[in-house]
>>> print(open('entry-v1.cif').read())   # mmCIF, C-alpha atoms
data_query
#
loop_
_atom_site.label_atom_id
_atom_site.label_comp_id
_atom_site.auth_asym_id
_atom_site.auth_seq_id
_atom_site.Cartn_x
_atom_site.Cartn_y
_atom_site.Cartn_z
CA MET A 21 91.42 83.55 64.68
CA TRP A 22 94.51 82.41 62.78
CA VAL A 23 96.75 84.04 65.37
CA GLY A 24 94.82 82.34 68.18
CA GLU A 25 94.93 78.96 66.52
CA SER A 26 98.68 79.31 65.94
CA LEU A 27 99.17 80.26 69.58
CA GLY A 28 97.20 77.20 70.65
CA LYS A 29 99.31 74.93 68.45
CA LEU A 30 102.41 76.40 70.05
CA LEU A 31 101.00 75.70 73.53
CA PHE A 32 100.36 72.14 72.41
CA LEU A 33 104.08 71.63 71.80
CA ILE A 34 105.04 72.68 75.35
CA PRO A 35 105.01 69.93 78.03
CA THR A 36 102.96 71.64 80.75
CA GLN A 37 100.83 70.39 83.64
CA MET A 38 97.85 71.88 81.79
CA LYS A 39 98.57 69.64 78.81
CA GLN A 40 98.98 66.62 81.08
CA THR A 41 95.63 67.32 82.75
CA THR A 42 93.98 67.59 79.32
CA LYS A 43 95.45 64.26 78.21
CA ILE A 44 94.22 62.56 81.37
CA ASN A 45 90.70 63.99 80.96
CA LEU A 46 90.48 62.90 77.33
CA ALA A 47 91.66 59.39 78.22
CA LEU A 48 89.06 59.17 81.00
CA CYS A 49 86.16 60.49 78.93
CA PHE A 50 86.91 58.92 75.55
CA PRO A 51 88.31 55.44 76.24
CA GLU A 52 86.77 54.26 72.96
CA LEU A 53 89.16 56.45 70.94
CA SER A 54 92.56 55.19 69.85
CA ALA A 55 95.73 56.89 71.08
CA ASN A 56 96.12 58.64 67.70
CA GLU A 57 92.50 59.84 67.75
CA ARG A 58 92.90 61.25 71.24
CA ARG A 59 96.10 63.01 70.23
CA ALA A 60 94.31 64.59 67.27
CA LEU A 61 91.51 65.72 69.60
CA LEU A 62 94.09 67.09 72.05
CA LYS A 63 95.72 69.11 69.27
CA LYS A 64 92.36 70.50 68.12
CA ASN A 65 91.46 71.37 71.69
CA PHE A 66 94.64 73.40 72.17
CA ALA A 67 93.99 75.22 68.90
CA SER A 68 90.53 76.07 70.27
CA LEU A 69 92.11 77.20 73.54
CA GLY A 70 94.42 79.56 71.66
CA ILE A 71 91.46 81.03 69.78
CA ALA A 72 89.74 81.50 73.15
CA LEU A 73 92.55 83.81 74.25
CA ILE A 74 91.85 86.05 71.26
CA GLU A 75 88.10 85.81 71.88
CA SER A 76 88.59 86.90 75.49
CA ALA A 77 90.52 89.96 74.32
CA MET A 78 87.72 90.71 71.85
CA ALA A 79 85.10 90.31 74.58
CA TRP A 80 86.92 92.59 77.00
CA TRP A 81 88.16 95.37 74.71
CA LEU A 82 86.25 95.65 71.42
CA PRO A 83 83.37 98.14 71.20
CA ASP A 84 79.83 96.87 70.67
CA GLN A 85 79.66 97.84 67.00
CA ARG A 86 82.62 95.58 66.21
CA LEU A 87 80.79 92.59 67.66
CA LYS A 88 77.44 92.92 65.92
CA ASN A 89 76.00 90.01 63.93
CA LEU A 90 78.61 87.50 65.10
CA TYR A 91 76.15 85.02 66.59
CA LYS A 92 72.68 83.56 66.26
CA VAL A 93 70.35 82.10 68.87
CA LYS A 94 68.17 79.04 68.38
CA GLY A 95 65.40 78.43 70.90
CA ASP A 96 64.89 82.00 72.09
CA GLU A 97 61.19 81.18 72.30
CA HIS A 98 61.93 78.82 75.21
CA LEU A 99 63.58 81.64 77.15
CA GLN A 100 60.77 84.10 76.44
CA ALA A 101 58.10 81.58 77.48
CA ALA A 102 59.98 80.84 80.70
CA LEU A 103 60.30 84.54 81.53
CA LYS A 104 56.53 84.99 81.15
CA LYS A 105 56.06 82.69 84.15
CA GLY A 106 57.76 85.33 86.30
CA LYS A 107 59.63 82.87 88.54
CA GLY A 108 63.13 83.41 87.19
CA VAL A 109 65.20 81.31 84.78
CA ILE A 110 68.38 79.30 85.26
CA LEU A 111 70.39 78.64 82.09
CA ILE A 112 72.66 75.64 82.70
CA ALA A 113 75.64 75.36 80.39
CA PRO A 114 79.10 73.78 80.10
CA HIS A 115 82.46 75.56 80.07
CA PHE A 116 83.25 75.86 76.38
CA THR A 117 86.34 77.78 75.26
CA CYS A 118 84.25 80.53 73.61
CA LEU A 119 82.40 81.28 76.87
CA GLU A 120 83.87 84.77 77.37
CA LEU A 121 82.92 86.01 73.92
CA ILE A 122 79.47 84.40 74.01
CA GLY A 123 78.84 86.16 77.31
CA ARG A 124 79.73 89.51 75.77
CA LEU A 125 77.68 88.90 72.61
CA MET A 126 74.59 87.85 74.53
CA GLY A 127 75.08 90.67 77.00
CA ASN A 128 74.53 93.12 74.14
CA ASP A 129 71.06 91.70 73.42
CA TYR A 130 69.86 90.15 76.69
CA THR A 131 69.67 91.17 80.32
CA PHE A 132 70.96 88.34 82.50
CA GLY A 133 73.11 87.52 85.50
CA VAL A 134 76.15 85.29 85.67
CA MET A 135 77.16 82.90 88.43
CA TYR A 136 80.93 82.79 88.91
CA ARG A 137 83.62 81.46 91.21
CA VAL A 138 86.13 84.02 92.46
CA HIS A 139 89.48 83.05 90.97
CA LYS A 140 92.23 82.17 93.43
CA LYS A 141 94.93 83.99 91.48
CA TYR A 142 94.90 87.72 92.21
CA PHE A 143 95.93 88.76 88.68
CA VAL A 144 93.12 86.76 87.02
CA LYS A 145 90.61 87.91 89.62
CA THR A 146 91.57 91.53 88.93
CA LEU A 147 91.18 91.07 85.17
CA HIS A 148 87.74 89.59 85.66
CA ALA A 149 86.72 92.48 87.88
CA LEU A 150 87.96 95.06 85.37
CA PHE A 151 86.52 93.64 82.17
CA ARG A 152 83.77 91.10 82.79
CA LYS A 153 81.71 93.29 85.08
CA LYS A 154 81.52 96.05 82.49
CA HIS A 155 79.21 93.99 80.33
CA TYR A 156 77.07 91.77 82.55
CA THR A 157 74.06 93.29 84.26
CA THR A 158 74.38 91.20 87.43
CA TYR A 159 77.48 89.33 88.57
CA ILE A 160 76.81 86.80 91.34
CA PRO A 161 79.51 84.94 93.32
CA SER A 162 78.71 81.23 93.48
CA HIS A 163 78.61 81.30 97.29
CA SER A 164 76.06 84.15 97.45
CA VAL A 165 72.71 82.36 97.61
CA ARG A 166 71.01 85.54 98.81
CA LYS A 167 71.99 87.48 95.68
CA LEU A 168 70.96 84.57 93.49
CA LEU A 169 67.53 84.37 95.11
CA GLN A 170 67.12 88.13 94.78
CA ALA A 171 67.98 88.02 91.05
CA LEU A 172 65.55 85.16 90.40
CA GLY A 173 62.91 87.04 92.40
CA ASP A 174 63.40 89.90 89.92
CA ASN A 175 62.76 87.37 87.10
CA LEU A 176 66.34 87.71 85.85
CA PRO A 177 67.77 84.88 83.72
CA ILE A 178 70.84 83.41 85.43
CA TRP A 179 73.62 81.87 83.36
CA TYR A 180 75.18 79.03 85.36
CA ALA A 181 78.21 77.17 83.97
CA TYR A 182 77.50 74.20 86.16
CA ASP A 183 80.35 71.75 85.49
CA ILE A 184 82.72 72.55 88.34
CA ASP A 185 84.26 70.50 91.14
CA ALA A 186 83.42 72.19 94.45
CA GLY A 187 84.71 69.30 96.55
CA ASN A 188 83.04 66.64 98.64
CA ASN A 189 80.68 68.56 100.92
CA ARG A 190 77.01 68.95 101.83
CA ASN A 191 76.35 70.89 98.62
CA SER A 192 77.67 68.15 96.33
CA VAL A 193 76.92 64.55 95.43
CA PHE A 194 78.75 62.04 93.27
CA ALA A 195 76.92 61.55 89.98
CA PRO A 196 77.99 60.00 86.66
CA PHE A 197 79.65 62.28 84.15
CA PHE A 198 81.25 60.51 81.18
CA ASN A 199 80.66 57.29 83.17
CA ILE A 200 82.84 58.57 86.02
CA ASP A 201 81.63 59.25 89.57
CA THR A 202 82.00 63.03 89.62
CA ALA A 203 81.54 65.56 92.42
CA THR A 204 78.48 67.51 91.26
CA LEU A 205 76.79 70.53 92.82
CA THR A 206 73.19 70.24 93.97
CA THR A 207 72.65 74.03 93.82
CA VAL A 208 70.19 74.01 90.94
CA SER A 209 67.87 71.48 92.61
CA ARG A 210 67.87 73.36 95.90
CA ILE A 211 67.28 76.77 94.31
CA VAL A 212 64.42 75.53 92.12
CA LYS A 213 62.72 74.03 95.18
CA LEU A 214 62.86 77.47 96.82
CA THR A 215 61.88 79.59 93.83
CA ASP A 216 60.11 77.40 91.26
CA ALA A 217 62.48 78.87 88.65
CA VAL A 218 62.52 77.34 85.17
CA VAL A 219 65.69 75.44 84.16
CA LEU A 220 66.76 75.69 80.52
CA PRO A 221 69.81 73.84 79.12
CA MET A 222 71.96 76.12 76.95
CA ASN A 223 74.77 75.24 74.58
CA TYR A 224 77.09 77.53 72.59
CA PHE A 225 79.94 76.88 70.21
CA ARG A 226 82.14 78.30 67.50
CA LEU A 227 81.09 77.37 63.96
CA GLU A 228 83.81 75.72 61.90
CA ASN A 229 85.19 77.55 58.87
CA ASP A 230 83.07 80.58 59.64
CA PHE A 231 83.60 83.51 61.95
CA GLN A 232 80.24 82.96 63.62
CA TYR A 233 78.87 81.48 66.84
CA GLU A 234 75.68 79.64 67.67
CA VAL A 235 73.73 79.56 70.93
CA VAL A 236 71.14 76.82 71.40
CA ILE A 237 68.54 77.15 74.16
CA SER A 238 66.66 73.91 74.77
CA PRO A 239 63.12 73.38 76.16
CA PRO A 240 62.73 73.54 79.96
CA LEU A 241 63.43 70.52 82.14
CA GLU A 242 60.16 68.87 83.09
CA ASN A 243 59.47 67.35 86.52
CA PHE A 244 62.54 69.08 87.95
CA PRO A 245 63.62 68.80 90.66
CA GLY A 246 62.88 65.11 90.90
CA ILE A 247 62.83 62.54 93.68
CA ASN A 248 66.30 63.35 95.05
CA VAL A 249 69.29 65.56 94.35
CA SER A 250 71.45 62.64 93.18
CA GLU A 251 69.07 61.86 90.33
CA ASP A 252 68.83 65.55 89.47
CA ALA A 253 72.64 65.84 89.37
CA ALA A 254 72.91 62.79 87.10
CA ARG A 255 70.26 64.23 84.81
CA ILE A 256 72.00 67.59 84.45
CA ASN A 257 75.39 65.92 83.96
CA ALA A 258 73.92 63.85 81.13
CA ILE A 259 72.63 67.01 79.45
CA LEU A 260 76.01 68.71 79.74
CA GLU A 261 77.82 65.59 78.52
CA ASP A 262 75.59 65.41 75.45
CA ALA A 263 76.42 69.03 74.61
CA ILE A 264 80.16 68.43 75.09
CA ARG A 265 80.17 65.32 72.89
CA LYS A 266 78.83 67.40 70.00
CA HIS A 267 81.92 69.64 70.06
CA PRO A 268 84.52 67.98 72.32
CA GLU A 269 87.39 69.98 70.82
CA GLN A 270 85.80 73.20 72.15
CA TYR A 271 85.41 72.11 75.78
CA VAL A 272 87.76 73.32 78.52
CA TRP A 273 89.48 70.00 79.24
CA GLN A 274 92.30 71.78 81.08
CA TYR A 275 90.20 71.86 84.25
CA LYS A 276 90.59 69.06 86.84
CA ARG A 277 86.93 68.12 86.70
CA PHE A 278 87.51 64.76 88.40
CA LYS A 279 89.80 65.99 91.17
CA THR A 280 87.50 65.02 94.06
CA ARG A 281 87.11 61.26 94.35
CA PRO A 282 84.78 59.10 96.44
CA ASP A 283 86.41 57.53 99.49
CA GLY A 284 88.67 54.69 98.49
CA GLN A 285 88.92 55.60 94.79
CA LYS A 286 92.29 56.47 93.28
CA ARG A 287 93.15 59.98 92.19
CA PHE A 288 93.50 60.67 88.50
CA TYR A 289 95.89 63.64 88.56
CA PHE A 290 99.49 63.71 89.70
CA SER A 291 98.75 66.88 91.66
CA ASN A 292 95.32 67.55 93.14
CA ARG A 293 95.91 71.28 93.60
#
>>> encode(input="entry-v1.cif", output="structure tokens")
Amino acid sequence: MWVGESLGKLLFLIPTQMKQTTKINLALCFPELSANERRALLKKNFASLGIALIESAMAWWLPDQRLKNLYKVKGDEHLQAALKKGKGVILIAPHFTCLELIGRLMGNDYTFGVMYRVHKKYFVKTLHALFRKKHYTTYIPSHSVRKLLQALGDNLPIWYAYDIDAGNNRNSVFAPFFNIDTATLTTVSRIVKLTDAVVLPMNYFRLENDFQYEVVISPPLENFPGINVSEDAARINAILEDAIRKHPEQYVWQYKRFKTRPDGQKRFYFSNR
């Protein structure tokens, strides 16, 4: 962990596009913070990012016995109750920096599937194929609705890191996220209408000053889906935002979450690639 944190602090010192994107995101989402407070948060976030590199190596290479007893789950009763309904479960969660290791830890104790986007870079895509798929029972590309429906039909819990920008298309709406109009997927609403699956918010984070992790599974969303997909998207975004605000230094702020803008609104990033 010390090595990872040191690596993150080194990355913080290098003027990269990734660092610029992080600074822009923090300024957009935390306008109430002073410049010094945002800089301190930026530095903590890069330390967390460095630790995440070590955690990914642990998740991909360490044997199961080396990873025992590293995490605890709160709210497992919500997951078990949802599974008893037999309609499938969707676990919605944000992209925290410890995601890779949490996935491996939970994969040792739970059977679940993971929604993912195929990475554009061949090297990263190859790494994911080599190491991630060894530990998850079912690995579902985000565009494969058929596989998702099949997994839910088998009553398999699906882990869905929902906070991604998929562009302005028929599968997205603009909904508030940190008080910003944000391109938000409507996938969860549409799938629940088809399957009657239960939606459970899930949060996970690294405990400070302790080599342990905590996963929190919240009660199921009631009256979901609602009147329309826009309200559903705003509701889920609010849940994710609340989780992120609890541990903002552990969120992946390096992602251009606000890349897609409504017509007529200015772009936030110097490059929208």
>>> closest_atom_pairs(input="entry-v1.cif", of="range 189-213 of chain A", to="range 38-58 of chain A", cutoff="12 Å", atoms="all atoms listed in the file", output="CSV")
residue,atom,partner,partner_atom,distance
A:Pro196,CA,A:Cys49,CA,11.3
A:Phe197,CA,A:Cys49,CA,8.5
A:Phe198,CA,A:Cys49,CA,5.4
A:Asn199,CA,A:Cys49,CA,7.6
A:Ile200,CA,A:Leu48,CA,8.0
A:Asp201,CA,A:Leu48,CA,11.3
A:Thr202,CA,A:Cys49,CA,11.7
>>> closest_residue(input="entry-v1.cif", among="A:Val208, A:Leu214, A:Met222, A:Leu172", to="Leu260 in chain A", atoms="all atoms listed in the file")
A:Met222
>>> resolve_selection(input="entry-v1.cif", expression="the PyMOL selection byres ((chain A and resi 91-94) around 8)", output="list in words")
Asn89, Leu90, Gly95, Asp96, Leu125, Gln232, Tyr233, Glu234, Val235, Val236 and Ile237 of chain A
>>> write_last_selection(input="entry-v1.cif", atoms="C-alpha atoms", output="tab-separated table (two decimals), in the coordinates of the input")
chain	number	residue	atom	x	y	z
A	89	ASN	CA	76.00	90.01	63.93
A	90	LEU	CA	78.61	87.50	65.10
A	95	GLY	CA	65.40	78.43	70.90
A	96	ASP	CA	64.89	82.00	72.09
A	125	LEU	CA	77.68	88.90	72.61
A	232	GLN	CA	80.24	82.96	63.62
A	233	TYR	CA	78.87	81.48	66.84
A	234	GLU	CA	75.68	79.64	67.67
A	235	VAL	CA	73.73	79.56	70.93
A	236	VAL	CA	71.14	76.82	71.40
A	237	ILE	CA	68.54	77.15	74.16
>>> atom_distance(input="entry-v1.cif", atom1="CA of Lys29 in chain A", atom2="CA of Val272 in chain A")
15.4 Å
>>> closest_residue(input="entry-v1.cif", among="A:Ala67, A:Met126, A:Ile211, A:Ile259", to="Lys88 in chain A", atoms="only C-alpha atoms")
A:Met126
>>> closest_residue(input="entry-v1.cif", among="A:Thr36, A:Ser26, A:Ser162, A:Asn188", to="Ala72 in chain A", atoms="only C-alpha atoms")
A:Ser26
>>> atom_distance(input="entry-v1.cif", atom1="CA of Arg277 in chain A", atom2="CA of Ile184 in chain A")
6.3 Å
>>> resolve_selection(input="entry-v1.cif", expression="the PyMOL selection byres ((chain A and resi 173-178) around 8)", output="ChimeraX atom specification")
/A:103,106-111,131-135,169-172,179-180,215
>>> atom_distance(input="entry-v1.cif", atom1="CA of Leu99 in chain A", atom2="CA of Val249 in chain A")
24.2 Å
>>> closest_residue(input="entry-v1.cif", among="A:Leu121, A:Val212, A:Ser250, A:Tyr130", to="Met78 in chain A", atoms="only C-alpha atoms")
A:Leu121
>>> residues_around(input="entry-v1.cif", residues="range 239-243 of chain A", least_positions_apart="2", cutoff="7 Å", atoms="all atoms listed in the file", output="list of chain:residue names")
A:His98, A:Val218, A:Val219, A:Leu220, A:Ile237, A:Pro245, A:Gly246
>>> write_last_selection(input="entry-v1.cif", atoms="C-alpha atoms", output="compact mmCIF listing (two decimals), in the frame of the given file")
# COMPACT_ATOMS: atom_id res chain seq x y z
CA HIS A 98 61.93 78.82 75.21
CA VAL A 218 62.52 77.34 85.17
CA VAL A 219 65.69 75.44 84.16
CA LEU A 220 66.76 75.69 80.52
CA ILE A 237 68.54 77.15 74.16
CA PRO A 245 63.62 68.80 90.66
CA GLY A 246 62.88 65.11 90.90
>>> residues_around(input="entry-v1.cif", residues="Glu269 in chain A", least_positions_apart="4", cutoff="8 Å", atoms="all atoms listed in the file", output="list in words")
Leu61, Leu62, Lys64, Asn65 and Ser68 of chain A
>>> closest_residue(input="entry-v1.cif", among="A:Ala253, A:Met21, A:Ile247, A:Ile264", to="Asn223 in chain A", atoms="only C-alpha atoms")
A:Ile264
>>> residues_near_point(input="entry-v1.cif", point="(85.7, 84.8, 71.1)", cutoff="12 Å", atoms="all atoms listed in the file", output="ChimeraX atom specification")
/A:21,24-25,68-82,87,90-91,116-125,224-227,231-234,270
>>> write_last_selection(input="entry-v1.cif", atoms="C-alpha atoms", output="mmCIF file, keeping the file's coordinate frame")
data_model
loop_
_atom_site.group_PDB
_atom_site.id
_atom_site.type_symbol
_atom_site.label_atom_id
_atom_site.label_comp_id
_atom_site.auth_asym_id
_atom_site.auth_seq_id
_atom_site.Cartn_x
_atom_site.Cartn_y
_atom_site.Cartn_z
ATOM 1 C CA MET A 21 91.420 83.550 64.680
ATOM 2 C CA GLY A 24 94.820 82.340 68.180
ATOM 3 C CA GLU A 25 94.930 78.960 66.520
ATOM 4 C CA SER A 68 90.530 76.070 70.270
ATOM 5 C CA LEU A 69 92.110 77.200 73.540
ATOM 6 C CA GLY A 70 94.420 79.560 71.660
ATOM 7 C CA ILE A 71 91.460 81.030 69.780
ATOM 8 C CA ALA A 72 89.740 81.500 73.150
ATOM 9 C CA LEU A 73 92.550 83.810 74.250
ATOM 10 C CA ILE A 74 91.850 86.050 71.260
ATOM 11 C CA GLU A 75 88.100 85.810 71.880
ATOM 12 C CA SER A 76 88.590 86.900 75.490
ATOM 13 C CA ALA A 77 90.520 89.960 74.320
ATOM 14 C CA MET A 78 87.720 90.710 71.850
ATOM 15 C CA ALA A 79 85.100 90.310 74.580
ATOM 16 C CA TRP A 80 86.920 92.590 77.000
ATOM 17 C CA TRP A 81 88.160 95.370 74.710
ATOM 18 C CA LEU A 82 86.250 95.650 71.420
ATOM 19 C CA LEU A 87 80.790 92.590 67.660
ATOM 20 C CA LEU A 90 78.610 87.500 65.100
ATOM 21 C CA TYR A 91 76.150 85.020 66.590
ATOM 22 C CA PHE A 116 83.250 75.860 76.380
ATOM 23 C CA THR A 117 86.340 77.780 75.260
ATOM 24 C CA CYS A 118 84.250 80.530 73.610
ATOM 25 C CA LEU A 119 82.400 81.280 76.870
ATOM 26 C CA GLU A 120 83.870 84.770 77.370
ATOM 27 C CA LEU A 121 82.920 86.010 73.920
ATOM 28 C CA ILE A 122 79.470 84.400 74.010
ATOM 29 C CA GLY A 123 78.840 86.160 77.310
ATOM 30 C CA ARG A 124 79.730 89.510 75.770
ATOM 31 C CA LEU A 125 77.680 88.900 72.610
ATOM 32 C CA TYR A 224 77.090 77.530 72.590
ATOM 33 C CA PHE A 225 79.940 76.880 70.210
ATOM 34 C CA ARG A 226 82.140 78.300 67.500
ATOM 35 C CA LEU A 227 81.090 77.370 63.960
ATOM 36 C CA PHE A 231 83.600 83.510 61.950
ATOM 37 C CA GLN A 232 80.240 82.960 63.620
ATOM 38 C CA TYR A 233 78.870 81.480 66.840
ATOM 39 C CA GLU A 234 75.680 79.640 67.670
ATOM 40 C CA GLN A 270 85.800 73.200 72.150
#
>>> closest_residue(input="entry-v1.cif", among="A:His115, A:His267, A:Arg255, A:Lys279", to="Ala181 in chain A", atoms="all atoms listed in the file")
A:His115
>>> axis_aligned_box(input="entry-v1.cif", around="range 251-258 of chain A", padding_each_side="4 Å", output="JSON")
{"center_x": 72.1, "center_y": 64.7, "center_z": 85.7, "size_x": 14.6, "size_y": 13.7, "size_z": 17.2}
>>> resolve_selection(input="entry-v1.cif", expression="the PyMOL selection byres ((chain A and resi 288) around 8)", output="ChimeraX atom specification")
/A:44,278-279,286-287,289-290
